[in-house]
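Worksheet for the structure shown next.
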Amino acid sequence: MTTADPTNPSPVPTQRPRRGCLARIGRFVLGLLIFAGAVTGALYVYGGRSLEAGAVATFKKGAMRALGYYGPLLGYWGTPVIWVEAAGNRGYAGVATHLEVLDLSDPTNIHATGQLPLGGIVHGMVLDGNVLYIGAGDAGLVVVDVSDPNAPKRITGLPSAGYSFGLCLSGDRLYTTERDSGVRIFDVADRRSPHLIGTFRDTPWSNDVAVVGNLAYIADGKEGLLVVDVSDAAHPSLVTQLPMPPPTVAGLWEPIDPPPLAIEIEGHYAYLAGVDRDLLVADLSQPREPRIVGHLDLPAETMDLRVRGHFAYLAQEPYGLAIADLSEPAAPKLLSTLEIYGCAHTLALDGDRVLVGLLSQGTALVDVADPTAPKLLGRTKIVPTGRGAFVAGDHLYLADGAAGLEILDLADPAHPKPIANVPVTDYAYAVRVDGTRALVAAGQMGLVELDVSEPAAPKMVRVWDTPEHAFAVGVVGDRAYTAEGMYQFAEMDLTRTDTDKPVRAGSKSDAGYAFTLAAAGNLVLDANYMSGLKVLDPTAHPDPADAKKPIPELWSGPRKVVGIAHNGPIAFLSIYTGGLKVLDLTNTAAPKLRGSVGLADFQFGLDVRNGLAAVAGHSEGLFLADVKNLDAPKQLAHVKTRGEAYGVALTDRYAYVADGSAGLTVVDITDPSAPKLVQ
């Protein structure tokens, strides 16, 4: 601004205080404070009056989405049922991240009447009339109205400070275990509006909780049984701790979920389920001084239990149901077992029936009116869920999820004819055939070895008990290797007949998860989804006596590898959200990434034949790429398949797609630039 002086035609600037810069800084700081306050308030509300819970839940959900665990990758496991409840002719199943309300009136036709997405994996439920409280992992505590079985409705949700797992309702208080974030106590006097009143944090790995009077008994995977005084719910305090005895049979590897996993209280005794094959009994006649008085060694991994009267019902992963006699609690006895295909993981009691949740798919209903002779009444329909395919000679081997291994005759290659089925206790993820031997990566069941010298009449040879979860298999000579999730890999010596255990296995790791694996020459390519592809040399320590010595890692490559195919020294990598890459292994000391090409948003398995790569692109179908020029591969075509493409096997004329819910889809690739579905 200027002013005019009649004696001086030149304008003279008028001096103003220099407040503009300071004002802008002040407005910026004020805006920043308002923004921070709004974010803090939103996290506080989102966390159910806990800023920590809101921040943790927000961070975890962001990380899960970034890694793809909210997308098709989660679906790779199928639809695991991790928790069930039952009342009358209604069942409630936590199917991965969804709640399903089941009609149990006809055991031969168990089916869902309603479904509700929850946002996290269901690990616990407790039913109170028409209100269902759900521990939904990263999604925290979710409260659902189930008065209408056809339309369950979410009432409210309170994010977890850790990872919501087990639940216990005692009077007007709800207790939730949060793994390494302790046990939270909610007031549920208003059943539809729980609010947090206290937290017990002095527990490193809380799995489950049971409450009697003013004492809470926490099954902690690292500390054993913790007794906590909850008379003042706002300030719970530790009374005593009871360590668990060592397992009667020491395992070769540490459980991923350390025991005890579940606790039930009946009378003056607490019963604890241990993944290391144990049922433990603690005497609570002196409630503040529990002591272990009984133990029962069980045939498989005990993941869940329910107790009623003098009987304990135990989910035996992967094989089925076990029933124990508790008439003498200090000396429990195994009464009976029932094998149930599908990998039993959880169960619920309803009168004379037990509803069993299966990790691989669905539920099963068992009549236990006679505990010495349980009977399978019915189960959820088994749906083919194609995961992997392999062509050997004139036969196609399809890893068909919960439907097991399908063997098909390719006499008419456009229309494969099923000639045999081999059920697996858990879930068939992948298959490789080496001569007359077929090896099936069967999830929790481990590695299934079959004699397929007569493909129409396959014979079971044995089951290798691998450390965690067999997702993929590779073969080099008489050695087989499996991708083992958190344990990375396992190595089997197929010439040995004196063991069903691997001769070597990777150690438990929190740094990643191995989904796939390939054996190329003398190398093993182990794909750790988070920390990257590992090129390993197993020949460096071939002696089984040296099994605990780690295999040397020659090279570490890209992350998110979910499919590997190899041709001599060249490996082709399918990256979950990153296209197709070519890896040159000519120099094993320094492998080299060469060409790449972008394909589907989400990719899984692949196969390569005569310079043609076929990549399973999940919901987008099958992608074909020309890989003759290793430095410049290029996409040729893409065709939408009938399901969700997870794996593929090639012949000169056809691509056989392991097509998720569609089972098998056949694609004519005579002209790879114009593939056609075979109807």
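By convention in this document, the chains of the structure tokens carry letters A, B, ... by their order, each chain's residues are numbered from 1, and ligands are numbered from 1 in the order they are shown.
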
(message) With only C-alpha atoms as the counted atoms, please give the residues lying no more than 10 Å from Val452 (chain A), apart from itself and same-chain residues fewer than 2 positions off, as number ranges by chain.
(response) A: 407, 433-439, 449-450, 454-461

Please produce an output containing C-alpha atoms for each residue in the selection, written as a CSV table (one decimal), in the first residue's frame.
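Contents of the output file part28.csv:
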```csv
chain,number,residue,atom,x,y,z
A,407,ILE,CA,-6.2,-88.6,-10.8
A,433,VAL,CA,5.0,-87.1,-9.6
A,434,ASP,CA,8.4,-88.7,-9.9
A,435,GLY,CA,8.3,-92.0,-11.8
A,436,THR,CA,5.8,-94.2,-10.0
A,437,ARG,CA,5.7,-92.0,-6.9
A,438,ALA,CA,3.3,-89.2,-6.3
A,439,LEU,CA,3.9,-86.7,-3.5
A,449,GLU,CA,3.5,-90.4,-0.4
A,450,LEU,CA,1.6,-92.6,-2.9
A,454,GLU,CA,-1.3,-98.1,-11.4
A,455,PRO,CA,-2.8,-94.6,-11.6
A,456,ALA,CA,-6.4,-96.0,-11.4
A,457,ALA,CA,-5.5,-97.7,-8.1
A,458,PRO,CA,-3.1,-95.5,-6.1
A,459,LYS,CA,-1.7,-97.0,-2.9
A,460,MET,CA,-0.8,-95.1,0.2
A,461,VAL,CA,2.9,-95.5,1.1
```

(message) So that I can check the surroundings of Ser193 (chain A), please list as a ChimeraX atom specification every protein, DNA and RNA residue that reaches within 9 Å of it, counting only C-alpha atoms and ignoring chain neighbours fewer than 3 positions away.
(response) /A:143,155-156,187-190

Near region 261-274 of chain A, 10 Å: region 320-436 of chain A residue rows, closest pairs, only C-alpha atoms, as JSON lines:
```
{"residue": "A:Leu326", "atom": "CA", "partner": "A:Tyr271", "partner_atom": "CA", "distance": 9.9}
{"residue": "A:Pro329", "atom": "CA", "partner": "A:Tyr269", "partner_atom": "CA", "distance": 7.5}
{"residue": "A:Ala330", "atom": "CA", "partner": "A:Tyr269", "partner_atom": "CA", "distance": 9.4}
```

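The nearest approach to Gly647 (chain A) among the residues A:Leu494, A:Leu104, A:Ala389, A:Val440, with only C-alpha atoms taken into account, belongs to A:Ala389.
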
(message) Please compute the CA of Gln635 (chain A)-CA of Phe390 (chain A) distance, one decimal, in Å.
(response) 23.0 Å

(message) With only C-alpha atoms as the counted atoms, please give the residues lying no more than 7 Å from region 572-583 of chain A, apart from itself and same-chain residues fewer than 6 positions off, as a PyMOL selection string.
(response) chain A and resi 560-566+591-606+630

Using DSSP secondary structure from the backbone, list all strand (DSSP E) positions within region 147-319 of chain A, as a compact mmCIF listing (two decimals) with N, CA and C atoms, in the first residue's frame.
```
# COMPACT_ATOMS: atom_id res chain seq x y z
N LYS A 153 -26.75 -59.53 12.34
CA LYS A 153 -26.45 -58.10 12.24
C LYS A 153 -25.37 -57.71 13.24
N ARG A 154 -24.43 -56.95 12.76
CA ARG A 154 -23.37 -56.42 13.64
C ARG A 154 -23.96 -55.33 14.53
N ILE A 155 -23.76 -55.45 15.85
CA ILE A 155 -24.24 -54.46 16.80
C ILE A 155 -23.15 -53.42 17.07
N THR A 156 -21.96 -53.92 17.41
CA THR A 156 -20.84 -53.01 17.67
C THR A 156 -19.54 -53.79 17.59
N GLY A 157 -18.45 -53.07 17.61
CA GLY A 157 -17.13 -53.70 17.59
C GLY A 157 -16.13 -52.86 18.37
N LEU A 158 -15.21 -53.55 19.07
CA LEU A 158 -14.18 -52.87 19.85
C LEU A 158 -12.82 -53.42 19.42
N LEU A 167 -12.61 -66.28 24.50
CA LEU A 167 -13.58 -65.49 25.23
C LEU A 167 -14.21 -66.31 26.34
N CYS A 168 -14.64 -65.61 27.38
CA CYS A 168 -15.37 -66.26 28.47
C CYS A 168 -16.38 -65.27 29.03
N LEU A 169 -17.63 -65.70 29.15
CA LEU A 169 -18.68 -64.86 29.71
C LEU A 169 -18.99 -65.37 31.11
N SER A 170 -18.90 -64.47 32.10
CA SER A 170 -19.17 -64.82 33.50
C SER A 170 -20.02 -63.71 34.10
N ARG A 173 -19.77 -59.92 33.03
CA ARG A 173 -18.42 -59.60 32.57
C ARG A 173 -18.01 -60.54 31.44
N LEU A 174 -17.38 -59.96 30.45
CA LEU A 174 -16.84 -60.72 29.33
C LEU A 174 -15.32 -60.58 29.36
N TYR A 175 -14.62 -61.71 29.30
CA TYR A 175 -13.16 -61.73 29.33
C TYR A 175 -12.66 -62.14 27.95
N THR A 176 -11.71 -61.39 27.40
CA THR A 176 -11.14 -61.73 26.09
C THR A 176 -9.63 -61.83 26.22
N THR A 177 -9.06 -62.90 25.66
CA THR A 177 -7.60 -63.03 25.64
C THR A 177 -7.08 -62.33 24.39
N VAL A 183 -5.23 -59.88 28.94
CA VAL A 183 -6.65 -60.23 29.01
C VAL A 183 -7.43 -58.97 29.34
N ARG A 184 -8.46 -58.71 28.52
CA ARG A 184 -9.28 -57.52 28.77
C ARG A 184 -10.63 -57.94 29.37
N ILE A 185 -11.15 -57.09 30.25
CA ILE A 185 -12.40 -57.36 30.96
C ILE A 185 -13.41 -56.29 30.56
N PHE A 186 -14.58 -56.73 30.08
CA PHE A 186 -15.63 -55.82 29.64
C PHE A 186 -16.86 -55.97 30.52
N ASP A 187 -17.52 -54.86 30.76
CA ASP A 187 -18.82 -54.87 31.41
C ASP A 187 -19.87 -55.06 30.32
N HIS A 195 -18.35 -52.28 27.50
CA HIS A 195 -17.32 -51.26 27.64
C HIS A 195 -16.21 -51.80 28.53
N LEU A 196 -15.00 -51.41 28.20
CA LEU A 196 -13.81 -51.92 28.88
C LEU A 196 -13.73 -51.38 30.30
N ILE A 197 -13.49 -52.29 31.26
CA ILE A 197 -13.34 -51.85 32.65
C ILE A 197 -11.98 -52.22 33.24
N GLY A 198 -11.24 -53.12 32.60
CA GLY A 198 -9.93 -53.47 33.15
C GLY A 198 -9.13 -54.34 32.21
N THR A 199 -7.82 -54.36 32.41
CA THR A 199 -6.91 -55.17 31.60
C THR A 199 -5.84 -55.80 32.49
N PHE A 200 -5.61 -57.09 32.31
CA PHE A 200 -4.50 -57.77 32.98
C PHE A 200 -3.42 -58.00 31.93
N SER A 206 -1.56 -65.23 26.11
CA SER A 206 -2.84 -65.73 26.60
C SER A 206 -3.65 -66.32 25.45
N ASN A 207 -4.05 -67.60 25.62
CA ASN A 207 -4.83 -68.29 24.59
C ASN A 207 -6.30 -68.40 24.95
N ASP A 208 -6.60 -68.70 26.22
CA ASP A 208 -7.98 -68.92 26.62
C ASP A 208 -8.11 -68.58 28.10
N VAL A 209 -9.35 -68.40 28.54
CA VAL A 209 -9.59 -68.03 29.94
C VAL A 209 -10.90 -68.64 30.41
N ALA A 210 -10.93 -69.05 31.67
CA ALA A 210 -12.15 -69.52 32.33
C ALA A 210 -12.23 -68.82 33.67
N VAL A 211 -13.45 -68.54 34.13
CA VAL A 211 -13.64 -67.76 35.35
C VAL A 211 -14.54 -68.52 36.31
N VAL A 212 -14.12 -68.57 37.58
CA VAL A 212 -14.93 -69.14 38.66
C VAL A 212 -14.90 -68.15 39.81
N LEU A 215 -11.99 -65.48 40.55
CA LEU A 215 -10.70 -65.91 40.01
C LEU A 215 -10.82 -66.23 38.53
N ALA A 216 -9.89 -65.70 37.76
CA ALA A 216 -9.79 -66.02 36.34
C ALA A 216 -8.59 -66.94 36.14
N TYR A 217 -8.80 -68.02 35.40
CA TYR A 217 -7.74 -68.98 35.11
C TYR A 217 -7.36 -68.82 33.63
N ILE A 218 -6.14 -68.39 33.39
CA ILE A 218 -5.70 -68.06 32.03
C ILE A 218 -4.76 -69.15 31.52
N ALA A 219 -5.10 -69.71 30.35
CA ALA A 219 -4.22 -70.66 29.68
C ALA A 219 -3.22 -69.86 28.86
N ASP A 220 -2.00 -69.79 29.35
CA ASP A 220 -0.95 -69.00 28.70
C ASP A 220 0.05 -69.95 28.05
N GLY A 224 2.04 -71.15 31.18
CA GLY A 224 1.22 -72.21 31.76
C GLY A 224 -0.13 -71.70 32.23
N LEU A 225 -0.52 -72.07 33.45
CA LEU A 225 -1.79 -71.66 34.01
C LEU A 225 -1.57 -70.50 34.98
N LEU A 226 -2.22 -69.36 34.70
CA LEU A 226 -2.13 -68.19 35.55
C LEU A 226 -3.45 -68.02 36.29
N VAL A 227 -3.36 -67.78 37.59
CA VAL A 227 -4.55 -67.51 38.40
C VAL A 227 -4.56 -66.03 38.73
N VAL A 228 -5.64 -65.34 38.39
CA VAL A 228 -5.72 -63.89 38.53
C VAL A 228 -6.95 -63.53 39.36
N ASP A 229 -6.77 -62.67 40.35
CA ASP A 229 -7.87 -62.16 41.16
C ASP A 229 -8.55 -61.03 40.39
N SER A 237 -5.16 -58.71 39.55
CA SER A 237 -3.81 -58.96 40.07
C SER A 237 -3.49 -60.45 40.03
N LEU A 238 -2.22 -60.76 39.75
CA LEU A 238 -1.77 -62.15 39.67
C LEU A 238 -1.72 -62.77 41.06
N VAL A 239 -2.31 -63.98 41.17
CA VAL A 239 -2.29 -64.71 42.44
C VAL A 239 -1.16 -65.73 42.44
N THR A 240 -1.10 -66.54 41.39
CA THR A 240 -0.05 -67.55 41.29
C THR A 240 0.07 -68.01 39.85
N GLN A 241 1.09 -68.78 39.61
CA GLN A 241 1.38 -69.28 38.27
C GLN A 241 1.76 -70.75 38.37
N LEU A 242 1.21 -71.57 37.49
CA LEU A 242 1.51 -73.00 37.48
C LEU A 242 2.11 -73.38 36.13
N ALA A 262 -6.47 -74.27 25.27
CA ALA A 262 -7.84 -74.11 25.74
C ALA A 262 -7.94 -74.59 27.18
N ILE A 263 -8.92 -74.04 27.90
CA ILE A 263 -9.15 -74.44 29.28
C ILE A 263 -10.65 -74.57 29.52
N GLU A 264 -11.03 -75.63 30.24
CA GLU A 264 -12.40 -75.85 30.68
C GLU A 264 -12.36 -76.21 32.16
N ILE A 265 -13.33 -75.73 32.92
CA ILE A 265 -13.39 -76.03 34.35
C ILE A 265 -14.68 -76.78 34.63
N GLU A 266 -14.56 -77.90 35.32
CA GLU A 266 -15.70 -78.72 35.72
C GLU A 266 -15.45 -79.17 37.15
N TYR A 269 -11.86 -79.16 39.07
CA TYR A 269 -10.74 -79.47 38.19
C TYR A 269 -10.75 -78.56 36.96
N ALA A 270 -9.55 -78.22 36.53
CA ALA A 270 -9.37 -77.49 35.27
C ALA A 270 -8.73 -78.45 34.27
N TYR A 271 -9.25 -78.44 33.06
CA TYR A 271 -8.74 -79.30 31.99
C TYR A 271 -8.14 -78.41 30.91
N LEU A 272 -6.90 -78.71 30.53
CA LEU A 272 -6.17 -77.87 29.59
C LEU A 272 -5.75 -78.69 28.38
N ALA A 273 -5.99 -78.13 27.19
CA ALA A 273 -5.63 -78.80 25.94
C ALA A 273 -4.26 -78.32 25.49
N GLY A 274 -3.39 -79.27 25.14
CA GLY A 274 -2.05 -78.93 24.68
C GLY A 274 -1.80 -79.45 23.28
N ASP A 278 -1.33 -83.51 24.47
CA ASP A 278 -1.68 -83.75 25.87
C ASP A 278 -3.03 -83.18 26.26
N LEU A 279 -3.68 -83.87 27.20
CA LEU A 279 -4.75 -83.31 28.02
C LEU A 279 -4.21 -83.28 29.44
N LEU A 280 -4.18 -82.11 30.03
CA LEU A 280 -3.66 -81.95 31.38
C LEU A 280 -4.79 -81.63 32.34
N VAL A 281 -4.70 -82.14 33.56
CA VAL A 281 -5.72 -81.93 34.58
C VAL A 281 -5.08 -81.25 35.78
N ALA A 282 -5.69 -80.14 36.21
CA ALA A 282 -5.20 -79.40 37.38
C ALA A 282 -6.26 -79.44 38.47
N ASP A 283 -5.83 -79.72 39.69
CA ASP A 283 -6.72 -79.76 40.86
C ASP A 283 -6.90 -78.34 41.38
N ARG A 291 -2.64 -77.42 41.16
CA ARG A 291 -1.53 -78.35 40.93
C ARG A 291 -1.93 -79.37 39.88
N ILE A 292 -0.98 -79.75 39.04
CA ILE A 292 -1.23 -80.75 38.01
C ILE A 292 -1.33 -82.12 38.66
N VAL A 293 -2.44 -82.82 38.39
CA VAL A 293 -2.64 -84.14 39.00
C VAL A 293 -2.86 -85.23 37.96
N GLY A 294 -3.17 -84.85 36.73
CA GLY A 294 -3.47 -85.86 35.73
C GLY A 294 -3.01 -85.47 34.35
N HIS A 295 -2.87 -86.47 33.50
CA HIS A 295 -2.37 -86.24 32.14
C HIS A 295 -2.81 -87.40 31.25
N LEU A 296 -3.18 -87.06 30.01
CA LEU A 296 -3.54 -88.08 29.04
C LEU A 296 -2.84 -87.77 27.73
N ASP A 297 -2.05 -88.72 27.26
CA ASP A 297 -1.39 -88.57 25.96
C ASP A 297 -2.39 -88.97 24.88
N GLU A 301 -2.57 -83.72 17.62
CA GLU A 301 -2.43 -82.43 18.27
C GLU A 301 -3.78 -81.96 18.79
N THR A 302 -3.85 -81.70 20.09
CA THR A 302 -5.11 -81.30 20.71
C THR A 302 -5.26 -79.80 20.59
N MET A 303 -6.25 -79.36 19.79
CA MET A 303 -6.43 -77.94 19.51
C MET A 303 -7.58 -77.32 20.29
N ASP A 304 -8.53 -78.13 20.73
CA ASP A 304 -9.69 -77.58 21.43
C ASP A 304 -10.32 -78.69 22.26
N LEU A 305 -11.06 -78.29 23.31
CA LEU A 305 -11.77 -79.28 24.10
C LEU A 305 -13.02 -78.68 24.70
N ARG A 306 -13.98 -79.56 24.99
CA ARG A 306 -15.16 -79.23 25.76
C ARG A 306 -15.34 -80.33 26.80
N VAL A 307 -15.82 -79.95 27.96
CA VAL A 307 -16.01 -80.90 29.05
C VAL A 307 -17.46 -80.84 29.50
N ARG A 308 -18.06 -82.02 29.65
CA ARG A 308 -19.41 -82.11 30.20
C ARG A 308 -19.50 -83.36 31.06
N PHE A 311 -16.98 -86.50 30.87
CA PHE A 311 -16.38 -86.74 29.56
C PHE A 311 -15.75 -85.47 29.00
N ALA A 312 -14.63 -85.66 28.35
CA ALA A 312 -13.96 -84.57 27.62
C ALA A 312 -14.00 -84.91 26.14
N TYR A 313 -14.32 -83.90 25.34
CA TYR A 313 -14.37 -84.04 23.89
C TYR A 313 -13.27 -83.17 23.32
N LEU A 314 -12.39 -83.77 22.51
CA LEU A 314 -11.17 -83.08 22.10
C LEU A 314 -11.01 -83.09 20.58
N ALA A 315 -10.75 -81.91 20.01
CA ALA A 315 -10.46 -81.81 18.58
C ALA A 315 -9.02 -82.22 18.35
N GLN A 316 -8.83 -83.27 17.54
CA GLN A 316 -7.51 -83.82 17.28
C GLN A 316 -7.08 -83.44 15.86
N GLU A 317 -6.21 -82.46 15.76
CA GLU A 317 -5.75 -82.00 14.45
C GLU A 317 -4.57 -82.86 13.99
```

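Across the model, the gap from CA of Ser164 (chain A) to CA of Val126 (chain A) is 12.9 Å.
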
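Straight-line separation from CA of Leu321 (chain A) to CA of Leu377 (chain A): 13.3 Å.
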
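Nearest to Pro384 (chain A) of all the residues A:Gly446, A:Gly532, A:Gly78, A:Gly54 is A:Gly78, based on only C-alpha atoms.
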
(message) List as a PyMOL selection string the protein and nucleic acid residues near region 69-77 of chain A, meaning an atom at most 9 Å away when only C-alpha atoms are counted, but skip any in the same chain fewer than 3 places from it.
(response) chain A and resi 61+63-66+80+96+119-120+359-360+387+401+427+429+576+602+604+618-619+646+660

Could you write out that same residue set with N, CA and C atoms as a PDB file, in the first residue's frame?
```pdb
ATOM      1  N   LYS A  61      -4.149 -53.417  10.315  1.00  0.00           N
ATOM      2  CA  LYS A  61      -4.988 -53.537   9.127  1.00  0.00           C
ATOM      3  C   LYS A  61      -4.281 -52.971   7.906  1.00  0.00           C
ATOM      4  N   ALA A  63      -1.030 -52.886   7.443  1.00  0.00           N
ATOM      5  CA  ALA A  63       0.020 -53.840   7.076  1.00  0.00           C
ATOM      6  C   ALA A  63      -0.568 -55.057   6.379  1.00  0.00           C
ATOM      7  N   MET A  64      -1.699 -55.563   6.883  1.00  0.00           N
ATOM      8  CA  MET A  64      -2.316 -56.736   6.272  1.00  0.00           C
ATOM      9  C   MET A  64      -2.762 -56.450   4.845  1.00  0.00           C
ATOM     10  N   ARG A  65      -3.317 -55.265   4.631  1.00  0.00           N
ATOM     11  CA  ARG A  65      -3.751 -54.919   3.280  1.00  0.00           C
ATOM     12  C   ARG A  65      -2.556 -54.758   2.349  1.00  0.00           C
ATOM     13  N   ALA A  66      -1.475 -54.146   2.871  1.00  0.00           N
ATOM     14  CA  ALA A  66      -0.280 -53.947   2.049  1.00  0.00           C
ATOM     15  C   ALA A  66       0.321 -55.279   1.625  1.00  0.00           C
ATOM     16  N   PRO A  80     -11.143 -71.986   6.126  1.00  0.00           N
ATOM     17  CA  PRO A  80     -10.940 -72.691   7.399  1.00  0.00           C
ATOM     18  C   PRO A  80     -11.962 -72.292   8.445  1.00  0.00           C
ATOM     19  N   ALA A  96     -12.992 -68.342   8.412  1.00  0.00           N
ATOM     20  CA  ALA A  96     -11.972 -67.327   8.131  1.00  0.00           C
ATOM     21  C   ALA A  96     -12.436 -65.993   8.711  1.00  0.00           C
ATOM     22  N   GLY A 119     -14.136 -58.825   9.258  1.00  0.00           N
ATOM     23  CA  GLY A 119     -12.915 -58.046   9.106  1.00  0.00           C
ATOM     24  C   GLY A 119     -11.683 -58.673   9.703  1.00  0.00           C
ATOM     25  N   GLY A 120     -11.829 -59.726  10.500  1.00  0.00           N
ATOM     26  CA  GLY A 120     -10.684 -60.410  11.083  1.00  0.00           C
ATOM     27  C   GLY A 120     -10.978 -61.895  11.187  1.00  0.00           C
ATOM     28  N   LEU A 359     -10.598 -77.336   9.516  1.00  0.00           N
ATOM     29  CA  LEU A 359      -9.721 -76.323   8.941  1.00  0.00           C
ATOM     30  C   LEU A 359      -9.790 -76.294   7.421  1.00  0.00           C
ATOM     31  N   SER A 360      -9.920 -77.450   6.813  1.00  0.00           N
ATOM     32  CA  SER A 360      -9.876 -77.464   5.351  1.00  0.00           C
ATOM     33  C   SER A 360     -11.186 -77.004   4.735  1.00  0.00           C
ATOM     34  N   ARG A 387      -6.151 -76.409  -6.498  1.00  0.00           N
ATOM     35  CA  ARG A 387      -5.012 -75.618  -6.049  1.00  0.00           C
ATOM     36  C   ARG A 387      -3.756 -75.862  -6.877  1.00  0.00           C
ATOM     37  N   GLY A 401      -7.791 -79.424  -3.132  1.00  0.00           N
ATOM     38  CA  GLY A 401      -8.187 -78.882  -1.846  1.00  0.00           C
ATOM     39  C   GLY A 401      -8.788 -79.931  -0.931  1.00  0.00           C
ATOM     40  N   TYR A 427      -5.902 -80.947   3.405  1.00  0.00           N
ATOM     41  CA  TYR A 427      -6.182 -80.139   2.212  1.00  0.00           C
ATOM     42  C   TYR A 427      -5.052 -80.344   1.219  1.00  0.00           C
ATOM     43  N   TYR A 429      -2.793 -79.166  -1.501  1.00  0.00           N
ATOM     44  CA  TYR A 429      -2.360 -77.899  -2.085  1.00  0.00           C
ATOM     45  C   TYR A 429      -1.558 -78.071  -3.370  1.00  0.00           C
ATOM     46  N   TYR A 576       3.228 -62.339  -6.512  1.00  0.00           N
ATOM     47  CA  TYR A 576       1.813 -62.165  -6.173  1.00  0.00           C
ATOM     48  C   TYR A 576       1.199 -60.918  -6.807  1.00  0.00           C
ATOM     49  N   PHE A 602      -3.209 -60.220  -9.262  1.00  0.00           N
ATOM     50  CA  PHE A 602      -2.896 -61.269  -8.298  1.00  0.00           C
ATOM     51  C   PHE A 602      -2.533 -62.530  -9.066  1.00  0.00           C
ATOM     52  N   PHE A 604      -0.634 -66.625  -8.924  1.00  0.00           N
ATOM     53  CA  PHE A 604      -0.264 -67.759  -8.095  1.00  0.00           C
ATOM     54  C   PHE A 604       0.671 -68.670  -8.890  1.00  0.00           C
ATOM     55  N   HIS A 618      -5.612 -65.971 -10.719  1.00  0.00           N
ATOM     56  CA  HIS A 618      -6.742 -65.912  -9.807  1.00  0.00           C
ATOM     57  C   HIS A 618      -8.034 -65.536 -10.538  1.00  0.00           C
ATOM     58  N   SER A 619      -8.734 -64.493 -10.109  1.00  0.00           N
ATOM     59  CA  SER A 619     -10.049 -64.174 -10.680  1.00  0.00           C
ATOM     60  C   SER A 619      -9.972 -63.721 -12.128  1.00  0.00           C
ATOM     61  N   TYR A 646      -5.461 -70.991  -9.524  1.00  0.00           N
ATOM     62  CA  TYR A 646      -4.384 -71.060  -8.534  1.00  0.00           C
ATOM     63  C   TYR A 646      -3.158 -71.800  -9.050  1.00  0.00           C
ATOM     64  N   GLY A 660      -9.684 -73.300  -8.545  1.00  0.00           N
ATOM     65  CA  GLY A 660     -10.412 -72.939  -7.344  1.00  0.00           C
ATOM     66  C   GLY A 660     -11.769 -73.595  -7.260  1.00  0.00           C
TER      67      GLY A 660
END
```

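Minimum atom-to-atom distance to Ala53 (chain A), evaluated using only C-alpha atoms, belongs to A:Tyr163 out of A:Tyr163, A:Trp205, A:Tyr133, A:Trp83.
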